[in-house]
file input_29.cif (mmCIF, C-alpha atoms)
data_coords
loop_
_atom_site.label_atom_id
_atom_site.label_comp_id
_atom_site.auth_asym_id
_atom_site.auth_seq_id
_atom_site.Cartn_x
_atom_site.Cartn_y
_atom_site.Cartn_z
CA MET A 1 0.00 0.00 0.00
CA ILE A 2 1.30 3.44 -0.97
CA THR A 3 0.63 6.49 1.20
CA LEU A 4 1.50 9.97 -0.06
CA THR A 5 0.96 13.21 1.84
CA TYR A 6 0.46 16.41 -0.15
CA GLN A 7 0.57 19.86 1.40
CA TYR A 8 -1.43 22.84 0.12
CA LYS A 9 -1.76 26.37 1.42
CA LEU A 10 -5.33 27.36 2.28
CA LYS A 11 -7.01 30.58 1.17
CA THR A 12 -9.39 30.96 4.08
CA THR A 13 -12.05 33.56 4.71
CA LYS A 14 -12.39 35.37 8.04
CA GLN A 15 -15.27 33.12 9.05
CA GLN A 16 -13.27 29.97 8.24
CA GLU A 17 -10.26 31.31 10.15
CA ALA A 18 -12.42 31.96 13.20
CA GLU A 19 -13.87 28.45 13.00
CA ILE A 20 -10.43 26.85 12.63
CA ASN A 21 -9.09 28.81 15.61
CA GLN A 22 -12.12 27.77 17.67
CA ILE A 23 -11.51 24.09 16.81
CA LEU A 24 -7.85 24.45 17.82
CA ASP A 25 -8.87 26.06 21.11
CA VAL A 26 -11.37 23.30 21.94
CA CYS A 27 -8.80 20.61 21.04
CA LYS A 28 -6.31 22.29 23.38
CA THR A 29 -8.89 22.29 26.19
CA VAL A 30 -9.70 18.60 25.67
CA TYR A 31 -6.01 17.65 25.56
CA ASN A 32 -5.16 19.54 28.76
CA TYR A 33 -8.23 18.23 30.60
CA ALA A 34 -7.44 14.63 29.66
CA LEU A 35 -3.80 15.10 30.68
CA ARG A 36 -4.84 16.60 34.01
CA GLU A 37 -7.15 13.63 34.61
CA ARG A 38 -4.32 11.16 34.01
CA LYS A 39 -1.87 13.09 36.18
CA ASP A 40 -4.37 13.24 39.07
CA TRP A 41 -4.95 9.49 38.87
CA LEU A 42 -1.20 8.81 38.92
CA SER A 43 -0.59 11.30 41.74
CA SER A 44 -3.26 9.67 43.90
CA ARG A 45 -1.33 6.38 43.69
CA LYS A 46 2.07 7.78 44.66
CA SER A 47 1.74 7.95 48.45
CA LEU A 48 0.36 5.65 51.12
CA ILE A 49 -3.22 5.95 52.33
CA ASN A 50 -2.24 7.15 55.82
CA SER A 51 0.13 9.84 54.45
CA CYS A 52 -1.89 11.20 51.52
CA SER A 53 -1.94 14.99 51.26
CA ILE A 54 -5.57 16.17 51.16
CA ILE A 55 -4.56 19.71 50.21
CA SER A 56 -2.34 19.03 47.20
CA GLU A 57 -3.79 15.75 45.91
CA TYR A 58 -7.23 14.69 44.74
CA ILE A 59 -8.78 11.80 46.58
CA ILE A 60 -9.70 9.25 43.93
CA PRO A 61 -11.33 5.95 44.91
CA ALA A 62 -9.06 2.93 44.88
CA ASP A 63 -11.32 1.02 42.47
CA ALA A 64 -11.40 3.88 39.94
CA PRO A 65 -9.98 2.61 36.61
CA TYR A 66 -7.05 4.27 34.92
CA PRO A 67 -8.35 6.96 32.51
CA ASN A 68 -7.00 5.45 29.29
CA TYR A 69 -8.20 6.33 25.80
CA ASN A 70 -11.34 4.16 25.95
CA CYS A 71 -12.52 5.63 29.26
CA GLN A 72 -11.83 9.20 28.19
CA ALA A 73 -13.55 8.68 24.82
CA LYS A 74 -16.70 7.47 26.63
CA SER A 75 -16.56 10.45 28.98
CA LEU A 76 -16.18 12.76 25.98
CA THR A 77 -19.33 11.32 24.39
CA VAL A 78 -21.30 11.99 27.58
CA ALA A 79 -19.86 15.51 27.96
CA LYS A 80 -20.77 16.48 24.39
CA LYS A 81 -24.46 16.06 25.18
CA THR A 82 -24.43 18.79 27.83
CA ASN A 83 -21.52 21.02 26.78
CA PRO A 84 -22.34 23.21 23.74
CA ARG A 85 -18.67 24.14 23.24
CA LEU A 86 -17.69 20.50 22.76
CA LYS A 87 -20.76 19.91 20.62
CA SER A 88 -19.60 22.58 18.13
CA VAL A 89 -16.55 20.49 17.12
CA ASN A 90 -16.52 17.28 15.12
CA ALA A 91 -16.44 14.26 17.45
CA GLN A 92 -13.75 12.46 15.42
CA VAL A 93 -11.44 15.47 15.69
CA LEU A 94 -11.66 15.40 19.49
CA GLN A 95 -11.13 11.63 19.52
CA GLN A 96 -7.94 12.11 17.50
CA THR A 97 -6.78 14.61 20.14
CA LEU A 98 -7.24 11.95 22.81
CA LYS A 99 -5.34 9.46 20.64
CA THR A 100 -2.46 11.96 20.39
CA LEU A 101 -2.27 12.12 24.18
CA ASP A 102 -2.45 8.33 24.47
CA ARG A 103 0.37 8.00 21.92
CA ALA A 104 2.48 10.41 23.98
CA PHE A 105 2.12 8.16 27.05
CA VAL A 106 2.99 5.08 24.98
CA ASP A 107 6.13 6.80 23.63
CA MET A 108 7.06 7.85 27.16
CA LYS A 109 7.14 4.21 28.28
CA SER A 110 8.52 2.55 25.15
CA LEU A 111 10.95 5.18 23.84
CA GLY A 112 11.94 6.71 27.18
CA ARG A 113 10.62 10.18 26.38
CA GLY A 114 9.62 12.79 28.95
CA PHE A 115 6.26 13.12 30.64
CA PRO A 116 3.64 14.84 28.40
CA ARG A 117 3.25 18.53 29.13
CA PHE A 118 0.28 20.86 28.97
CA LYS A 119 -0.14 22.78 25.72
CA LYS A 120 -0.28 26.56 25.55
CA ARG A 121 -1.60 26.36 22.01
CA MET A 122 -2.64 23.69 19.54
CA ARG A 123 -1.15 23.94 16.07
CA SER A 124 -3.04 21.25 14.17
CA PHE A 125 -6.00 18.90 14.19
CA VAL A 126 -6.96 15.86 12.09
CA PHE A 127 -10.06 14.78 10.21
CA PRO A 128 -9.56 10.96 10.14
CA ALA A 129 -12.33 10.29 7.59
CA MET A 130 -13.04 12.14 4.37
CA LEU A 131 -16.33 12.89 2.62
CA LYS A 132 -17.24 11.54 -0.81
CA ASN A 133 -16.19 13.69 -3.78
CA CYS A 134 -14.07 15.88 -1.54
CA LEU A 135 -11.55 16.78 -4.27
CA GLY A 136 -12.28 19.90 -6.26
CA ASN A 137 -10.45 22.26 -8.57
CA ASN A 138 -8.48 24.61 -6.28
CA ARG A 139 -10.67 23.62 -3.34
CA PHE A 140 -11.21 20.79 -0.86
CA LYS A 141 -14.25 19.64 1.10
CA LEU A 142 -13.82 18.95 4.83
CA PRO A 143 -16.42 17.38 7.16
CA GLN A 144 -17.11 20.42 9.37
CA LEU A 145 -15.73 23.33 7.38
CA GLY A 146 -17.24 22.42 4.02
CA TRP A 147 -15.62 23.62 0.80
CA ILE A 148 -12.44 25.57 1.45
CA LYS A 149 -10.24 27.21 -1.20
CA LEU A 150 -6.58 26.28 -1.52
CA ARG A 151 -3.57 27.03 -3.66
CA GLN A 152 -3.26 23.83 -5.67
CA SER A 153 0.48 23.92 -6.28
CA ARG A 154 0.41 20.45 -7.85
CA PRO A 155 -2.39 18.17 -9.07
CA TYR A 156 -3.89 15.46 -6.91
CA PRO A 157 -2.35 11.99 -7.45
CA GLU A 158 -4.29 9.82 -9.87
CA ASN A 159 -5.85 6.47 -8.88
CA MET A 160 -5.47 7.31 -5.17
CA VAL A 161 -8.11 7.98 -2.51
CA ALA A 162 -7.97 10.75 0.10
CA LYS A 163 -8.05 9.08 3.52
CA GLN A 164 -7.44 11.83 6.07
CA ALA A 165 -6.63 15.53 6.27
CA ARG A 166 -4.78 17.66 8.77
CA ILE A 167 -5.04 21.43 9.08
CA PHE A 168 -1.79 22.96 10.31
CA LYS A 169 -1.36 26.54 11.50
CA LYS A 170 1.97 28.22 10.70
CA ALA A 171 3.25 31.77 10.86
CA SER A 172 2.58 32.27 7.14
CA GLY A 173 -1.01 30.98 7.27
CA TYR A 174 -3.02 27.76 7.33
CA TYR A 175 -1.99 24.63 5.45
CA LEU A 176 -3.83 21.44 4.51
CA MET A 177 -1.97 18.11 4.58
CA VAL A 178 -3.94 15.42 2.73
CA SER A 179 -2.95 11.74 2.92
CA PHE A 180 -3.70 9.74 -0.24
CA GLN A 181 -3.64 5.95 -0.29
CA SER A 182 -3.51 3.35 -3.01
CA SER A 183 -4.02 -0.40 -2.64
CA GLU A 184 -1.37 -1.19 -5.24
CA LEU A 185 1.75 -3.01 -4.09
CA VAL A 186 5.01 -1.56 -5.35
CA PRO A 187 8.04 -3.91 -5.35
CA ASP A 188 11.39 -2.79 -3.98
CA ASN A 189 13.71 -1.02 -6.36
CA PRO A 190 16.15 -3.40 -8.06
CA VAL A 191 19.90 -3.21 -7.55
CA GLY A 192 21.61 -1.32 -10.35
CA LYS A 193 25.10 -1.42 -11.79
CA LYS A 194 26.68 1.83 -10.54
CA SER A 195 26.98 2.30 -6.75
CA LEU A 196 27.68 5.34 -4.61
CA GLY A 197 28.70 5.48 -0.96
CA ILE A 198 27.78 8.51 1.15
CA ASP A 199 29.48 9.50 4.40
CA ALA A 200 27.93 12.12 6.68
CA GLY A 201 30.16 14.74 8.26
CA ILE A 202 30.27 17.95 10.23
CA GLU A 203 32.67 20.23 8.34
CA ASN A 204 31.21 18.96 5.06
CA PHE A 205 27.57 17.91 4.91
CA VAL A 206 28.20 14.67 2.99
CA ALA A 207 31.14 13.13 1.16
CA THR A 208 30.71 10.64 -1.66
CA SER A 209 32.88 7.63 -2.49
CA THR A 210 34.03 9.43 -5.63
CA GLY A 211 35.69 12.13 -3.52
CA LYS A 212 33.06 14.82 -4.04
CA LEU A 213 32.30 17.03 -1.03
CA PHE A 214 29.05 18.91 -0.39
CA THR A 215 29.26 21.79 2.08
CA SER A 216 26.07 22.63 3.93
CA PRO A 217 24.87 26.23 3.86
CA LYS A 218 24.56 27.64 7.37
CA PHE A 219 20.81 28.04 7.39
CA LEU A 220 20.32 29.02 11.04
CA LEU A 221 23.75 30.52 11.68
CA GLY A 222 23.34 32.80 8.67
CA GLN A 223 20.14 34.28 10.13
CA LEU A 224 21.35 34.22 13.73
CA ARG A 225 22.20 37.93 13.86
CA GLU A 226 18.69 38.97 12.80
CA LEU A 227 17.15 36.38 15.11
CA LYS A 228 19.11 37.68 18.12
CA LEU A 229 18.06 41.25 17.30
CA LEU A 230 14.37 40.30 17.26
CA GLN A 231 14.75 38.35 20.51
CA ARG A 232 16.32 41.38 22.22
CA ARG A 233 13.45 43.57 21.07
CA LEU A 234 10.94 41.00 22.30
CA LYS A 235 12.49 41.04 25.76
CA ASN A 236 11.60 44.73 26.25
CA LYS A 237 7.97 44.39 25.13
CA THR A 238 5.03 43.85 27.46
CA LYS A 239 3.94 40.24 27.28
CA GLY A 240 0.59 39.91 25.51
CA SER A 241 0.64 43.40 23.95
CA SER A 242 0.10 44.03 20.24
CA ASN A 243 3.79 44.88 19.65
CA TRP A 244 4.77 41.68 21.50
CA LEU A 245 2.49 39.64 19.24
CA LYS A 246 3.89 41.32 16.10
CA LEU A 247 7.45 40.45 17.10
CA GLN A 248 6.41 36.88 17.93
CA ASN A 249 4.98 36.55 14.42
CA LYS A 250 8.20 37.96 12.88
CA ILE A 251 10.32 35.46 14.81
CA ALA A 252 8.06 32.57 13.81
CA SER A 253 8.15 33.69 10.16
CA LEU A 254 11.95 33.80 10.23
CA HIS A 255 12.13 30.27 11.66
CA GLU A 256 9.71 29.07 8.97
CA ILE A 257 11.86 30.63 6.22
CA ILE A 258 14.94 28.87 7.63
CA ALA A 259 13.13 25.51 7.74
CA ASN A 260 11.75 25.87 4.20
CA THR A 261 15.17 26.84 2.83
CA ARG A 262 16.82 23.85 4.51
CA ARG A 263 14.17 21.43 3.24
CA ASP A 264 14.38 22.77 -0.33
CA TRP A 265 18.16 22.37 -0.34
CA HIS A 266 17.87 18.82 1.02
CA PHE A 267 15.57 17.74 -1.82
CA LYS A 268 17.76 19.35 -4.49
CA LEU A 269 20.84 17.62 -3.06
CA ALA A 270 19.02 14.26 -2.90
CA HIS A 271 18.10 14.50 -6.60
CA GLN A 272 21.68 15.50 -7.41
CA LEU A 273 23.02 12.41 -5.61
CA CYS A 274 20.52 10.15 -7.38
CA ASP A 275 21.86 11.41 -10.71
CA LEU A 276 25.34 10.07 -9.86
CA ALA A 277 24.54 6.36 -9.39
CA ASP A 278 21.90 3.62 -9.39
CA ASN A 279 22.63 2.35 -5.85
CA THR A 280 23.05 4.56 -2.78
CA PHE A 281 24.62 3.25 0.43
CA VAL A 282 24.85 5.22 3.69
CA GLU A 283 26.15 4.44 7.17
CA ASP A 284 23.68 3.45 9.86
CA ILE A 285 24.50 6.22 12.37
CA ASN A 286 22.68 7.29 15.51
CA PHE A 287 22.22 11.00 14.75
CA THR A 288 20.60 11.61 18.13
CA SER A 289 24.02 11.37 19.76
CA TRP A 290 25.36 13.91 17.25
CA SER A 291 22.92 16.50 18.56
CA LYS A 292 24.31 16.18 22.11
CA GLY A 293 28.02 16.63 21.45
CA ILE A 294 30.28 19.63 21.03
CA VAL A 295 29.07 20.14 17.45
CA ARG A 296 25.39 19.95 18.33
CA LYS A 297 24.54 23.36 16.88
CA GLN A 298 26.18 22.59 13.52
CA SER A 299 24.54 19.16 13.25
CA LEU A 300 21.08 20.47 14.13
CA ASP A 301 21.50 23.41 11.77
CA SER A 302 22.36 21.15 8.83
CA GLY A 303 19.54 18.65 9.50
CA ILE A 304 21.74 15.72 8.53
CA GLY A 305 19.62 13.15 10.37
CA LYS A 306 16.41 14.00 8.55
CA PHE A 307 18.22 14.06 5.22
CA ILE A 308 19.78 10.60 5.63
CA ASN A 309 16.80 8.87 7.27
CA GLU A 310 13.80 10.48 5.53
CA ILE A 311 14.43 12.67 2.49
CA LEU A 312 17.13 10.67 0.68
CA PRO A 313 15.27 7.29 0.99
CA TYR A 314 12.07 8.89 -0.31
CA VAL A 315 13.78 10.48 -3.32
CA CYS A 316 15.59 7.21 -4.11
CA TRP A 317 12.31 5.27 -3.95
CA LYS A 318 10.53 7.84 -6.09
CA ARG A 319 13.21 7.76 -8.79
CA GLY A 320 13.62 3.97 -8.78
CA LYS A 321 17.08 3.94 -7.18
CA TYR A 322 18.27 1.34 -4.67
CA TYR A 323 18.91 2.64 -1.13
CA ALA A 324 20.41 0.71 1.77
CA LYS A 325 22.14 1.28 5.11
CA VAL A 326 25.38 -0.48 6.08
CA ASP A 327 27.11 -1.01 9.41
CA LYS A 328 29.11 2.06 10.40
CA ASN A 329 31.94 0.01 11.97
CA TYR A 330 35.11 -0.49 9.91
CA THR A 331 33.71 1.34 6.87
CA SER A 332 36.75 3.66 6.62
CA GLN A 333 39.14 0.72 6.42
#

call {"tool": "encode", "arguments": {"input": "input_29.cif", "output": "structure tokens"}}
result
Amino acid sequence: MITLTYQYKLKTTKQQEAEINQILDVCKTVYNYALRERKDWLSSRKSLINSCSIISEYIIPADAPYPNYNCQAKSLTVAKKTNPRLKSVNAQVLQQTLKTLDRAFVDMKSLGRGFPRFKKRMRSFVFPAMLKNCLGNNRFKLPQLGWIKLRQSRPYPENMVAKQARIFKKASGYYLMVSFQSSELVPDNPVGKKSLGIDAGIENFVATSTGKLFTSPKFLLGQLRELKLLQRRLKNKTKGSSNWLKLQNKIASLHEIIANTRRDWHFKLAHQLCDLADNTFVEDINFTSWSKGIVRKQSLDSGIGKFINEILPYVCWKRGKYYAKVDKNYTSQ
């Protein structure tokens, strides 16, 4: 099964913007309430019965079940009948918010991540099921919002069905991320004749087995002077004022420009590497450790981990090139 995600920029009206912001606010409320419910249940089990603090802890009965996703989804269904604010939002969108929280607790236990934190703002929400005939020319039909205009930068994929949609709020506006699926099975790319080895580095972004070096542009470090200037100005503004909000938007826009520039350069470099050979081999490196060393700023600025693990494999698959990872030990010898 093939799954492709296309991103389009939305051309929303003021009414649609207000409705999207209201959905984001309700999703944030549901997420924080569900997280508070789980934290209270866990806190009530920390201490003994004879030494429980009545002031700082809620008293929850001992036979009360743990508020997992199923319990909280049932409570949400009951609350929607009496709460008009919850009733104004699609039920599946709120259920996806609870699933996001449940996934955060699963990752905390399995991957060793930190405890989930409360959200000051929600940046996105998901419609897990699409309506029939939802694809239109320069527009898209969503369950609650109806037809919404978008900038169709590229056509929809043929012979694929839209399965879910996510609305994402950025500094430059609202974006729609649509996931298309196809039931066709695509075989793995065959091994070609010409091979190319790629070695990741710090001083140079990547080095090929042919001796060609690619130096990474300093995306963040190049804009660091302007970023520091905006941060100094923000420090002297009153928090929550209109000038404070304007500077926050400028800083977010600058970060978005840096991220878009880095991603565009990554894709161009991946296509350039695919032009050199039929087979691409890279070292299986733990890039998480790179981001904790003395060169953490340079490695995070270049985005080497995302390039090796996500962008380069996708471009190789799309162009029919073979991609594989090899053991990093003894590769230089």

call {"tool": "atom_distance", "arguments": {"input": "input_29.cif", "atom1": "CA of Phe168 (chain A)", "atom2": "CA of Pro116 (chain A)"}}
result
20.6 Å

call {"tool": "closest_residue", "arguments": {"input": "input_29.cif", "among": "A:Lys239, A:Lys169, A:His271, A:Arg225", "to": "Ser124 (chain A)", "atoms": "only C-alpha atoms"}}
result
A:Lys169

call {"tool": "closest_atom_pairs", "arguments": {"input": "input_29.cif", "of": "region 268-319 of chain A", "to": "region 184-191 of chain A", "cutoff": "10 Å", "atoms": "all atoms listed in the file", "output": "JSON lines"}}
result
{"residue": "A:Asp278", "atom": "CA", "partner": "A:Val191", "partner_atom": "CA", "distance": 7.4}
{"residue": "A:Asn279", "atom": "CA", "partner": "A:Val191", "partner_atom": "CA", "distance": 6.4}
{"residue": "A:Thr280", "atom": "CA", "partner": "A:Val191", "partner_atom": "CA", "distance": 9.6}
{"residue": "A:Cys316", "atom": "CA", "partner": "A:Asn189", "partner_atom": "CA", "distance": 8.7}
{"residue": "A:Trp317", "atom": "CA", "partner": "A:Asn189", "partner_atom": "CA", "distance": 6.9}
{"residue": "A:Lys318", "atom": "CA", "partner": "A:Asn189", "partner_atom": "CA", "distance": 9.4}
{"residue": "A:Arg319", "atom": "CA", "partner": "A:Asn189", "partner_atom": "CA", "distance": 9.1}

call {"tool": "residues_around", "arguments": {"input": "input_29.cif", "residues": "Gly197 (chain A)", "least_positions_apart": "5", "cutoff": "7 Å", "atoms": "all atoms listed in the file", "output": "ChimeraX atom specification"}}
result
/A:208-209,280-282

call {"tool": "resolve_selection", "arguments": {"input": "input_29.cif", "expression": "the PyMOL selection byres ((chain A and resi 12) around 10)", "output": "list in words"}}
result
Lys9, Leu10, Lys11, Thr13, Lys14, Gln15, Gln16, Glu17, Ala18, Ile20, Ile148, Lys149, Leu150, Gly173, Tyr174 and Tyr175 of chain A

call {"tool": "write_last_selection", "arguments": {"input": "input_29.cif", "atoms": "C-alpha atoms", "output": "compact mmCIF listing (two decimals), in the frame of the given file"}}
result
# COMPACT_ATOMS: atom_id res chain seq x y z
CA LYS A 9 -1.76 26.37 1.42
CA LEU A 10 -5.33 27.36 2.28
CA LYS A 11 -7.01 30.58 1.17
CA THR A 13 -12.05 33.56 4.71
CA LYS A 14 -12.39 35.37 8.04
CA GLN A 15 -15.27 33.12 9.05
CA GLN A 16 -13.27 29.97 8.24
CA GLU A 17 -10.26 31.31 10.15
CA ALA A 18 -12.42 31.96 13.20
CA ILE A 20 -10.43 26.85 12.63
CA ILE A 148 -12.44 25.57 1.45
CA LYS A 149 -10.24 27.21 -1.20
CA LEU A 150 -6.58 26.28 -1.52
CA GLY A 173 -1.01 30.98 7.27
CA TYR A 174 -3.02 27.76 7.33
CA TYR A 175 -1.99 24.63 5.45

call {"tool": "closest_residue", "arguments": {"input": "input_29.cif", "among": "A:Lys246, A:Arg263, A:Lys321, A:Lys99", "to": "Phe307 (chain A)", "atoms": "only C-alpha atoms"}}
result
A:Arg263

call {"tool": "resolve_selection", "arguments": {"input": "input_29.cif", "expression": "the PyMOL selection byres ((chain A and resi 85) around 12)", "output": "NGL selection string"}}
result
:A and (22-23 or 25-27 or 29-30 or 76 or 79-84 or 86-91 or 94)

call {"tool": "closest_residue", "arguments": {"input": "input_29.cif", "among": "A:Trp265, A:Trp41, A:Trp290, A:Tyr323", "to": "Asp63 (chain A)", "atoms": "all atoms listed in the file"}}
result
A:Trp41

call {"tool": "resolve_selection", "arguments": {"input": "input_29.cif", "expression": "the PyMOL selection byres ((chain A and resi 202) around 8)", "output": "mmCIF file with C-alpha atoms, in the coordinates of the input"}}
result
data_model
loop_
_atom_site.group_PDB
_atom_site.id
_atom_site.type_symbol
_atom_site.label_atom_id
_atom_site.label_comp_id
_atom_site.auth_asym_id
_atom_site.auth_seq_id
_atom_site.Cartn_x
_atom_site.Cartn_y
_atom_site.Cartn_z
ATOM 1 C CA ALA A 200 27.930 12.120 6.680
ATOM 2 C CA GLY A 201 30.160 14.740 8.260
ATOM 3 C CA GLU A 203 32.670 20.230 8.340
ATOM 4 C CA ASN A 204 31.210 18.960 5.060
ATOM 5 C CA PHE A 205 27.570 17.910 4.910
ATOM 6 C CA VAL A 295 29.070 20.140 17.450
ATOM 7 C CA GLN A 298 26.180 22.590 13.520
ATOM 8 C CA SER A 299 24.540 19.160 13.250
#

call {"tool": "atom_distance", "arguments": {"input": "input_29.cif", "atom1": "CA of Leu42 (chain A)", "atom2": "CA of Thr97 (chain A)"}}
result
20.4 Å

call {"tool": "axis_aligned_box", "arguments": {"input": "input_29.cif", "around": "region 61-72 of chain A", "padding_each_side": "5 Å", "output": "AutoDock Vina command-line options"}}
result
--center_x -9.8 --center_y 5.1 --center_z 35.4 --size_x 15.5 --size_y 18.2 --size_z 29.1

call {"tool": "closest_residue", "arguments": {"input": "input_29.cif", "among": "A:Lys119, A:Leu131, A:Ser43, A:Cys71", "to": "Ile59 (chain A)", "atoms": "all atoms listed in the file"}}
result
A:Ser43

call {"tool": "closest_residue", "arguments": {"input": "input_29.cif", "among": "A:Ile60, A:Cys274, A:Met108, A:Val161", "to": "Met1 (chain A)", "atoms": "all atoms listed in the file"}}
result
A:Val161

call {"tool": "decode", "arguments": {"input": "input_29.cif", "residues": "region 290-297 of chain A", "atoms": "all heavy atoms", "output": "short mmCIF file (atom, residue, chain, number, x, y, z; two decimals), in the first residue's frame"}}
result
data_model
loop_
_atom_site.label_atom_id
_atom_site.label_comp_id
_atom_site.auth_asym_id
_atom_site.auth_seq_id
_atom_site.Cartn_x
_atom_site.Cartn_y
_atom_site.Cartn_z
N TRP A 290 24.68 12.77 17.86
CA TRP A 290 25.36 13.91 17.25
C TRP A 290 24.83 15.23 17.81
O TRP A 290 25.58 16.18 17.97
CB TRP A 290 25.15 13.89 15.74
CG TRP A 290 26.02 12.93 15.01
CD1 TRP A 290 26.41 11.70 15.44
CD2 TRP A 290 26.59 13.11 13.72
NE1 TRP A 290 27.19 11.09 14.50
CE2 TRP A 290 27.31 11.92 13.41
CE3 TRP A 290 26.56 14.12 12.78
CZ2 TRP A 290 28.00 11.75 12.23
CZ3 TRP A 290 27.23 13.95 11.58
CH2 TRP A 290 27.95 12.78 11.32
N SER A 291 23.53 15.25 18.10
CA SER A 291 22.92 16.50 18.56
C SER A 291 23.20 16.80 20.02
O SER A 291 22.69 17.78 20.55
CB SER A 291 21.40 16.43 18.35
OG SER A 291 20.85 15.37 19.10
N LYS A 292 24.01 15.96 20.70
CA LYS A 292 24.31 16.18 22.11
C LYS A 292 25.80 16.45 22.35
O LYS A 292 26.21 16.62 23.48
CB LYS A 292 23.88 14.96 22.93
CG LYS A 292 22.39 14.68 22.88
CD LYS A 292 22.03 13.44 23.67
CE LYS A 292 20.53 13.15 23.57
NZ LYS A 292 20.15 11.92 24.30
N GLY A 293 26.59 16.45 21.29
CA GLY A 293 28.02 16.63 21.45
C GLY A 293 28.44 18.08 21.34
O GLY A 293 27.62 19.01 21.40
N ILE A 294 29.73 18.28 21.11
CA ILE A 294 30.28 19.63 21.03
C ILE A 294 29.87 20.33 19.74
O ILE A 294 29.91 21.56 19.65
CB ILE A 294 31.82 19.57 21.18
CG1 ILE A 294 32.39 20.96 21.45
CG2 ILE A 294 32.45 18.95 19.94
CD1 ILE A 294 33.86 20.96 21.79
N VAL A 295 29.49 19.56 18.73
CA VAL A 295 29.07 20.14 17.45
C VAL A 295 27.56 20.04 17.28
O VAL A 295 27.06 19.89 16.16
CB VAL A 295 29.80 19.43 16.28
CG1 VAL A 295 31.27 19.77 16.28
CG2 VAL A 295 29.58 17.92 16.36
N ARG A 296 26.85 20.13 18.39
CA ARG A 296 25.39 19.95 18.33
C ARG A 296 24.70 21.04 17.50
O ARG A 296 23.75 20.76 16.77
CB ARG A 296 24.81 19.90 19.73
CG ARG A 296 25.11 21.11 20.59
CD ARG A 296 24.61 20.91 22.01
NE ARG A 296 24.93 22.03 22.88
CZ ARG A 296 26.07 22.17 23.53
NH1 ARG A 296 27.00 21.24 23.38
NH2 ARG A 296 26.30 23.21 24.30
N LYS A 297 25.19 22.28 17.61
CA LYS A 297 24.54 23.36 16.88
C LYS A 297 24.72 23.19 15.37
O LYS A 297 23.79 23.40 14.59
CB LYS A 297 25.10 24.71 17.32
CG LYS A 297 24.43 25.90 16.65
CD LYS A 297 24.98 27.23 17.14
CE LYS A 297 24.52 27.53 18.55
NZ LYS A 297 24.90 28.90 18.96
#
